[in-house]
file data_34.pdb (PDB, C-alpha atoms)
ATOM      1  CA  MET A   7     128.926 -12.584  53.677
ATOM      2  CA  MET A   8     128.647  -8.897  54.341
ATOM      3  CA  PRO A   9     131.567  -6.666  54.762
ATOM      4  CA  ARG A  10     132.742  -6.274  58.332
ATOM      5  CA  THR A  11     131.881  -2.594  58.669
ATOM      6  CA  ARG A  12     128.302  -3.084  57.592
ATOM      7  CA  MET A  13     127.840  -6.009  59.976
ATOM      8  CA  SER A  14     129.172  -4.076  62.944
ATOM      9  CA  THR A  15     126.870  -1.169  62.110
ATOM     10  CA  MET A  16     123.829  -3.430  62.087
ATOM     11  CA  ILE A  17     124.775  -5.000  65.383
ATOM     12  CA  ALA A  18     125.370  -1.598  66.975
ATOM     13  CA  THR A  19     121.995  -0.383  65.738
ATOM     14  CA  ARG A  20     120.215  -3.424  67.151
ATOM     15  CA  LEU A  21     122.011  -3.118  70.474
ATOM     16  CA  SER A  22     121.182   0.567  70.770
ATOM     17  CA  ARG A  23     117.498  -0.082  70.066
ATOM     18  CA  HIS A  24     117.496  -2.877  72.607
ATOM     19  CA  THR A  25     118.994  -0.692  75.368
ATOM     20  CA  LEU A  26     116.588   2.173  74.631
ATOM     21  CA  ARG A  27     113.641  -0.156  75.048
ATOM     22  CA  ARG A  28     114.895  -1.236  78.430
ATOM     23  CA  GLN A  29     115.557   2.297  79.639
ATOM     24  CA  PHE A  30     112.207   3.684  78.495
ATOM     25  CA  PRO A  31     109.617   0.874  78.611
ATOM     26  CA  ILE A  32     106.687   3.296  78.096
ATOM     27  CA  SER A  33     107.157   5.749  75.306
ATOM     28  CA  VAL A  34     105.242   8.968  74.823
ATOM     29  CA  ARG A  35     103.678   7.351  71.812
ATOM     30  CA  THR A  36     101.923   4.861  74.095
ATOM     31  CA  PHE A  37      99.551   7.511  75.478
ATOM     32  CA  PHE A  38      98.773   9.358  72.292
ATOM     33  CA  SER A  39      98.804   6.660  69.624
ATOM     34  CA  ASN A  40      95.775   5.601  67.660
ATOM     35  CA  SER A  41      96.671   1.928  67.595
ATOM     36  CA  GLU A  42      94.180  -0.618  68.880
ATOM     37  CA  ASN A  43      96.603  -1.847  71.523
ATOM     38  CA  ASN A  44      96.558   1.482  73.349
ATOM     39  CA  SER A  45      92.922   2.463  72.859
ATOM     40  CA  ALA A  46      92.301   2.235  76.620
ATOM     41  CA  TRP A  47      94.712   5.132  77.273
ATOM     42  CA  ARG A  48      93.422   7.415  74.541
ATOM     43  CA  GLY A  49      92.617  10.876  76.013
ATOM     44  CA  ILE A  50      92.901   9.950  79.705
ATOM     45  CA  PRO A  51      95.810  12.289  80.544
ATOM     46  CA  GLU A  52      94.102  15.181  78.786
ATOM     47  CA  MET A  53      90.861  14.531  80.651
ATOM     48  CA  ALA A  54      92.701  14.328  83.976
ATOM     49  CA  ILE A  55      94.472  17.644  83.366
ATOM     50  CA  GLY A  56      91.237  19.284  82.202
ATOM     51  CA  GLY A  57      89.356  17.933  85.224
ATOM     52  CA  GLY A  58      92.054  19.279  87.559
ATOM     53  CA  ILE A  59      91.857  22.721  85.981
ATOM     54  CA  LEU A  60      88.068  22.647  86.218
ATOM     55  CA  VAL A  61      88.234  21.794  89.935
ATOM     56  CA  LEU A  62      90.636  24.694  90.551
ATOM     57  CA  VAL A  63      88.394  27.152  88.679
ATOM     58  CA  VAL A  64      85.294  26.034  90.605
ATOM     59  CA  ALA A  65      87.131  26.303  93.948
ATOM     60  CA  ASP A  66      88.348  29.802  93.055
ATOM     61  CA  GLN A  67      84.846  30.932  92.069
ATOM     62  CA  PHE A  68      83.431  29.560  95.325
ATOM     63  CA  LEU A  69      86.038  31.402  97.423
ATOM     64  CA  GLN A  70      85.419  34.661  95.547
ATOM     65  CA  PHE A  71      81.661  34.318  96.059
ATOM     66  CA  ARG A  72      82.130  33.648  99.795
ATOM     67  CA  ASP A  73      84.482  36.645 100.215
ATOM     68  CA  GLU A  74      82.055  38.945  98.372
ATOM     69  CA  LYS A  75      79.173  37.755 100.551
ATOM     70  CA  GLU A  76      81.178  38.369 103.757
ATOM     71  CA  ARG A  77      82.231  41.836 102.544
ATOM     72  CA  LYS A  78      78.633  42.828 101.776
ATOM     73  CA  HIS A  79      77.528  41.554 105.191
ATOM     74  CA  GLU A  80      80.215  43.632 106.952
ATOM     75  CA  ILE A  81      79.251  46.745 104.973
ATOM     76  CA  LYS A  82      75.567  46.327 105.904
ATOM     77  CA  LYS A  83      76.556  45.814 109.531
ATOM     78  CA  MET A  84      78.663  49.005 109.586
ATOM     79  CA  GLU A  85      75.932  51.001 107.833
ATOM     80  CA  PHE A  86      73.438  49.824 110.452
ATOM     81  CA  GLU A  87      75.769  50.810 113.304
ATOM     82  CA  ILE A  88      76.372  54.251 111.775
ATOM     83  CA  LYS A  89      72.634  54.760 111.386
ATOM     84  CA  GLN A  90      72.036  53.754 115.030
ATOM     85  CA  ASP A  91      74.769  56.138 116.245
ATOM     86  CA  LYS A  92      73.287  58.972 114.199
ATOM     87  CA  LEU A  93      69.818  58.323 115.639
ATOM     88  CA  ALA A  94      71.244  58.196 119.175
ATOM     89  CA  SER A  95      73.115  61.462 118.566
ATOM     90  CA  GLU A  96      69.974  63.158 117.262
ATOM     91  CA  ALA A  97      68.005  61.887 120.253
ATOM     92  CA  ALA A  98      70.676  63.206 122.630
ATOM     93  CA  ALA A  99      70.612  66.584 120.880
ATOM     94  CA  LYS A 100      66.810  66.810 121.236
ATOM     95  CA  LYS A 101      67.039  65.720 124.846
ATOM     96  CA  SER A 102      69.702  68.308 125.607
ATOM     97  CA  MET A 103      67.709  71.196 124.129
ATOM     98  CA  GLY A 104      65.733  71.596 127.320
ATOM     99  CA  LYS A 105      68.681  70.796 129.592
ATOM    100  CA  GLU A 106      70.455  73.642 131.353
ATOM    101  CA  ALA A 107      74.192  74.016 130.812
ATOM    102  CA  LEU A 108      76.502  73.712 133.825
ATOM    103  CA  TYR A 109      78.701  76.460 132.413
ATOM    104  CA  GLN A 110      80.096  77.716 129.130
ATOM    105  CA  SER A 111      83.596  77.110 127.803
ATOM    106  CA  ILE A 112      85.716  78.483 125.002
ATOM    107  CA  VAL A 113      87.593  76.135 122.698
ATOM    108  CA  VAL A 114      91.305  76.923 123.055
ATOM    109  CA  GLN A 115      92.570  74.306 120.617
ATOM    110  CA  VAL A 116      91.066  71.685 118.343
ATOM    111  CA  PRO A 117      92.655  68.208 118.498
ATOM    112  CA  THR A 118      94.307  67.134 115.245
ATOM    113  CA  GLN A 119      93.120  63.528 115.460
ATOM    114  CA  PHE A 120      89.690  63.762 116.966
ATOM    115  CA  GLY A 121      86.765  61.738 115.737
ATOM    116  CA  GLY A 122      84.609  58.822 116.612
ATOM    117  CA  THR A 123      80.868  58.592 116.732
ATOM    118  CA  LYS A 124      80.426  60.513 119.977
ATOM    119  CA  GLY A 125      82.962  63.285 119.353
ATOM    120  CA  LEU A 126      81.732  66.837 118.753
ATOM    121  CA  LYS A 127      82.612  67.717 115.175
ATOM    122  CA  GLY A 128      82.744  71.013 113.340
ATOM    123  CA  VAL A 129      84.165  72.982 116.263
ATOM    124  CA  ARG A 130      86.732  75.761 115.724
ATOM    125  CA  VAL A 131      89.029  77.680 118.031
ATOM    126  CA  LYS A 132      87.214  80.440 120.049
ATOM    127  CA  ASP A 133      83.802  78.748 119.681
ATOM    128  CA  VAL A 134      81.655  78.905 122.815
ATOM    129  CA  LEU A 135      80.283  75.549 123.980
ATOM    130  CA  ASP A 136      77.672  74.727 126.607
ATOM    131  CA  VAL A 137      79.029  72.071 128.963
ATOM    132  CA  LEU A 138      76.193  69.718 129.918
ATOM    133  CA  GLU A 139      78.185  67.071 131.819
ATOM    134  CA  GLU A 140      81.772  66.882 133.022
ATOM    135  CA  ASN A 141      84.174  63.961 133.171
ATOM    136  CA  VAL A 142      82.480  61.543 130.769
ATOM    137  CA  GLY A 143      83.935  59.067 128.327
ATOM    138  CA  PRO A 144      87.123  57.019 128.583
ATOM    139  CA  ASP A 145      89.199  57.888 131.668
ATOM    140  CA  HIS A 146      86.717  60.715 132.382
ATOM    141  CA  THR A 147      88.743  63.089 130.195
ATOM    142  CA  TYR A 148      85.852  64.473 128.141
ATOM    143  CA  SER A 149      82.902  66.775 128.682
ATOM    144  CA  LEU A 150      79.503  66.433 127.054
ATOM    145  CA  CYS A 151      79.142  69.698 125.155
ATOM    146  CA  ARG A 152      76.556  71.388 122.967
ATOM    147  CA  THR A 153      76.954  73.962 120.212
ATOM    148  CA  ARG A 154      74.147  76.443 119.770
ATOM    149  CA  GLY A 155      73.024  77.037 116.217
ATOM    150  CA  LEU A 156      70.631  79.605 114.851
ATOM    151  CA  LYS A 157      68.117  76.848 114.176
ATOM    152  CA  GLU A 158      67.248  73.942 116.413
ATOM    153  CA  GLU A 159      68.507  71.417 113.848
ATOM    154  CA  ASP A 160      71.927  73.165 113.756
ATOM    155  CA  THR A 161      72.557  72.256 117.406
ATOM    156  CA  ARG A 162      75.144  69.503 117.856
ATOM    157  CA  VAL A 163      75.926  67.482 120.975
ATOM    158  CA  GLY A 164      79.033  65.396 121.597
ATOM    159  CA  TRP A 165      82.145  64.798 123.655
ATOM    160  CA  PHE A 166      85.041  67.248 123.639
ATOM    161  CA  PRO A 167      88.362  66.853 125.518
ATOM    162  CA  ASN A 168      88.534  68.766 128.843
ATOM    163  CA  SER A 169      92.135  69.816 128.181
ATOM    164  CA  TYR A 170      91.078  71.863 125.130
ATOM    165  CA  LEU A 171      88.343  73.832 126.944
ATOM    166  CA  GLN A 172      88.638  76.981 129.075
ATOM    167  CA  LYS A 173      85.807  77.981 131.413
ATOM    168  CA  VAL A 174      84.132  81.313 130.819
ATOM    169  CA  LEU A 175      83.891  83.249 134.064
TER     170      LEU A 175
END

call {"tool": "encode", "arguments": {"input": "data_34.pdb", "output": "structure tokens"}}
result
Amino acid sequence: MMPRTRMSTMIATRLSRHTLRRQFPISVRTFFSNSENNSAWRGIPEMAIGGGILVLVVADQFLQFRDEKERKHEIKKMEFEIKQDKLASEAAAKKSMGKEALYQSIVVQVPTQFGGTKGLKGVRVKDVLDVLEENVGPDHTYSLCRTRGLKEEDTRVGWFPNSYLQKVL
């Protein structure tokens, strides 16, 4: 018969192994072992993780491609609109060359935030403008004005705020 201490150690070891098996019925070794019993599970978790990553990468590439395509479409659309506005402005300038001015005005002040496609640009204080039409634009607060250049192509036509103009008598 074995000594009592050795016997109790063996029983404790067997009991501890038995309880571990019940707590963790599937060990990590089950998925990654090379034994014939677990050959059906070999590599499946790795393939699932890899497939998930692949799906995420493909979805990201698709979304980037779609965003780039939309951005290029918007840029082309804006370029087309700018080109059309420029052509319309040039046509208005040619049309206004033969048109008589209602009166002339002096620019008293230049607005700090003035722009847009129809605004008269490149105007400075004390410039003389030909007023072709009054009370145009939003809320009828602008005048259609023309600057006279030395050459015909230097002539510009556009809207300028009425409040910044003073009639020349």

call {"tool": "atom_distance", "arguments": {"input": "data_34.pdb", "atom1": "CA of Met103 in chain A", "atom2": "CA of Arg152 in chain A"}}
result
8.9 Å

call {"tool": "resolve_selection", "arguments": {"input": "data_34.pdb", "expression": "the PyMOL selection byres ((chain A and resi 128-142) around 6)", "output": "PyMOL selection string"}}
result
chain A and resi 107-115+127+143+146-153

call {"tool": "atom_distance", "arguments": {"input": "data_34.pdb", "atom1": "CA of Leu62 in chain A", "atom2": "CA of His79 in chain A"}}
result
25.9 Å

call {"tool": "residues_around", "arguments": {"input": "data_34.pdb", "residues": "Ser95 in chain A", "least_positions_apart": "4", "cutoff": "12 Å", "atoms": "only C-alpha atoms", "output": "list in words"}}
result
Ile88, Lys89, Gln90, Asp91, Ala99, Lys100, Lys101, Ser102, Gly122, Thr123, Lys124, Gly125, Leu126, Lys127, Leu150, Arg152, Glu159, Thr161, Arg162, Val163, Gly164 and Trp165 of chain A

call {"tool": "atom_distance", "arguments": {"input": "data_34.pdb", "atom1": "CA of Lys105 in chain A", "atom2": "CA of Glu87 in chain A"}}
result
26.7 Å

call {"tool": "axis_aligned_box", "arguments": {"input": "data_34.pdb", "around": "range 137-152 of chain A", "padding_each_side": "5 Å", "output": "AutoDock Vina command-line options"}}
result
--center_x 82.7 --center_y 64.5 --center_z 128.1 --size_x 23.0 --size_y 25.1 --size_z 20.2

call {"tool": "residues_around", "arguments": {"input": "data_34.pdb", "residues": "Pro117 in chain A", "least_positions_apart": "3", "cutoff": "9 Å", "atoms": "all atoms listed in the file", "output": "list in words"}}
result
Phe120, Pro167 and Tyr170 of chain A

call {"tool": "decode", "arguments": {"input": "data_34.pdb", "residues": "range 110-123 of chain A", "atoms": "all heavy atoms", "output": "mmCIF file, in the first residue's frame"}}
result
data_model
loop_
_atom_site.group_PDB
_atom_site.id
_atom_site.type_symbol
_atom_site.label_atom_id
_atom_site.label_comp_id
_atom_site.auth_asym_id
_atom_site.auth_seq_id
_atom_site.Cartn_x
_atom_site.Cartn_y
_atom_site.Cartn_z
ATOM 1 N N GLN A 110 -23.840 107.628 -65.656
ATOM 2 C CA GLN A 110 -22.562 107.157 -65.115
ATOM 3 C C GLN A 110 -22.560 107.339 -63.597
ATOM 4 O O GLN A 110 -23.190 108.263 -63.079
ATOM 5 C CB GLN A 110 -21.392 107.915 -65.728
ATOM 6 C CG GLN A 110 -21.142 107.542 -67.175
ATOM 7 C CD GLN A 110 -19.849 108.138 -67.702
ATOM 8 O OE1 GLN A 110 -19.447 109.214 -67.265
ATOM 9 N NE2 GLN A 110 -19.222 107.440 -68.632
ATOM 10 N N SER A 111 -21.850 106.443 -62.930
ATOM 11 C CA SER A 111 -21.742 106.504 -61.471
ATOM 12 C C SER A 111 -20.299 106.305 -61.056
ATOM 13 O O SER A 111 -19.519 105.667 -61.759
ATOM 14 C CB SER A 111 -22.576 105.399 -60.814
ATOM 15 O OG SER A 111 -23.932 105.640 -60.994
ATOM 16 N N ILE A 112 -19.992 106.853 -59.891
ATOM 17 C CA ILE A 112 -18.660 106.688 -59.305
ATOM 18 C C ILE A 112 -18.780 105.680 -58.159
ATOM 19 O O ILE A 112 -19.727 105.735 -57.375
ATOM 20 C CB ILE A 112 -18.106 108.029 -58.776
ATOM 21 C CG1 ILE A 112 -17.917 108.991 -59.936
ATOM 22 C CG2 ILE A 112 -16.799 107.833 -58.020
ATOM 23 C CD1 ILE A 112 -17.459 110.372 -59.511
ATOM 24 N N VAL A 113 -17.808 104.808 -58.070
ATOM 25 C CA VAL A 113 -17.782 103.827 -56.982
ATOM 26 C C VAL A 113 -17.283 104.530 -55.729
ATOM 27 O O VAL A 113 -16.191 105.073 -55.693
ATOM 28 C CB VAL A 113 -16.859 102.634 -57.332
ATOM 29 C CG1 VAL A 113 -16.779 101.657 -56.181
ATOM 30 C CG2 VAL A 113 -17.317 101.950 -58.584
ATOM 31 N N VAL A 114 -18.149 104.548 -54.682
ATOM 32 C CA VAL A 114 -17.782 105.211 -53.430
ATOM 33 C C VAL A 114 -17.087 104.236 -52.478
ATOM 34 O O VAL A 114 -16.228 104.638 -51.707
ATOM 35 C CB VAL A 114 -19.028 105.757 -52.694
ATOM 36 C CG1 VAL A 114 -18.777 107.118 -52.115
ATOM 37 C CG2 VAL A 114 -20.258 105.794 -53.537
ATOM 38 N N GLN A 115 -17.471 102.986 -52.552
ATOM 39 C CA GLN A 115 -16.904 101.966 -51.671
ATOM 40 C C GLN A 115 -17.031 100.613 -52.375
ATOM 41 O O GLN A 115 -17.974 100.389 -53.122
ATOM 42 C CB GLN A 115 -17.672 101.957 -50.352
ATOM 43 C CG GLN A 115 -17.106 101.066 -49.307
ATOM 44 C CD GLN A 115 -17.923 101.128 -48.012
ATOM 45 O OE1 GLN A 115 -18.859 101.896 -47.896
ATOM 46 N NE2 GLN A 115 -17.559 100.295 -47.056
ATOM 47 N N VAL A 116 -16.079 99.751 -52.108
ATOM 48 C CA VAL A 116 -16.128 98.400 -52.665
ATOM 49 C C VAL A 116 -16.518 97.449 -51.536
ATOM 50 O O VAL A 116 -15.912 97.479 -50.468
ATOM 51 C CB VAL A 116 -14.768 97.991 -53.264
ATOM 52 C CG1 VAL A 116 -14.811 96.573 -53.795
ATOM 53 C CG2 VAL A 116 -14.358 98.956 -54.360
ATOM 54 N N PRO A 117 -17.552 96.612 -51.743
ATOM 55 C CA PRO A 117 -17.946 95.669 -50.697
ATOM 56 C C PRO A 117 -16.826 94.692 -50.367
ATOM 57 O O PRO A 117 -16.086 94.261 -51.252
ATOM 58 C CB PRO A 117 -19.143 94.923 -51.287
ATOM 59 C CG PRO A 117 -19.473 95.591 -52.564
ATOM 60 C CD PRO A 117 -18.372 96.505 -52.936
ATOM 61 N N THR A 118 -16.700 94.360 -49.085
ATOM 62 C CA THR A 118 -15.623 93.441 -48.669
ATOM 63 C C THR A 118 -15.905 92.015 -49.111
ATOM 64 O O THR A 118 -15.000 91.306 -49.522
ATOM 65 C CB THR A 118 -15.442 93.460 -47.137
ATOM 66 O OG1 THR A 118 -16.698 93.181 -46.531
ATOM 67 C CG2 THR A 118 -14.921 94.803 -46.678
ATOM 68 N N GLN A 119 -17.151 91.585 -49.026
ATOM 69 C CA GLN A 119 -17.509 90.230 -49.438
ATOM 70 C C GLN A 119 -18.455 90.319 -50.626
ATOM 71 O O GLN A 119 -19.660 90.227 -50.481
ATOM 72 C CB GLN A 119 -18.164 89.465 -48.290
ATOM 73 C CG GLN A 119 -17.220 89.213 -47.155
ATOM 74 C CD GLN A 119 -17.871 88.399 -46.058
ATOM 75 O OE1 GLN A 119 -19.077 88.253 -46.015
ATOM 76 N NE2 GLN A 119 -17.053 87.881 -45.165
ATOM 77 N N PHE A 120 -17.875 90.505 -51.778
ATOM 78 C CA PHE A 120 -18.666 90.653 -52.984
ATOM 79 C C PHE A 120 -18.116 89.694 -54.018
ATOM 80 O O PHE A 120 -16.930 89.668 -54.290
ATOM 81 C CB PHE A 120 -18.582 92.102 -53.493
ATOM 82 C CG PHE A 120 -19.425 92.375 -54.692
ATOM 83 C CD1 PHE A 120 -20.803 92.288 -54.617
ATOM 84 C CD2 PHE A 120 -18.845 92.712 -55.899
ATOM 85 C CE1 PHE A 120 -21.594 92.543 -55.724
ATOM 86 C CE2 PHE A 120 -19.630 92.966 -57.008
ATOM 87 C CZ PHE A 120 -21.001 92.887 -56.916
ATOM 88 N N GLY A 121 -18.967 88.875 -54.568
ATOM 89 C CA GLY A 121 -18.501 87.896 -55.540
ATOM 90 C C GLY A 121 -19.675 87.334 -56.298
ATOM 91 O O GLY A 121 -20.647 88.020 -56.566
ATOM 92 N N GLY A 122 -19.591 86.104 -56.621
ATOM 93 C CA GLY A 122 -20.623 85.458 -57.403
ATOM 94 C C GLY A 122 -20.263 85.507 -58.871
ATOM 95 O O GLY A 122 -19.283 86.118 -59.287
ATOM 96 N N THR A 123 -21.088 84.861 -59.665
ATOM 97 C CA THR A 123 -20.777 84.782 -61.088
ATOM 98 C C THR A 123 -21.232 86.015 -61.842
ATOM 99 O O THR A 123 -20.726 86.306 -62.921
ATOM 100 C CB THR A 123 -21.446 83.545 -61.703
ATOM 101 O OG1 THR A 123 -22.850 83.607 -61.446
ATOM 102 C CG2 THR A 123 -20.879 82.274 -61.101
#
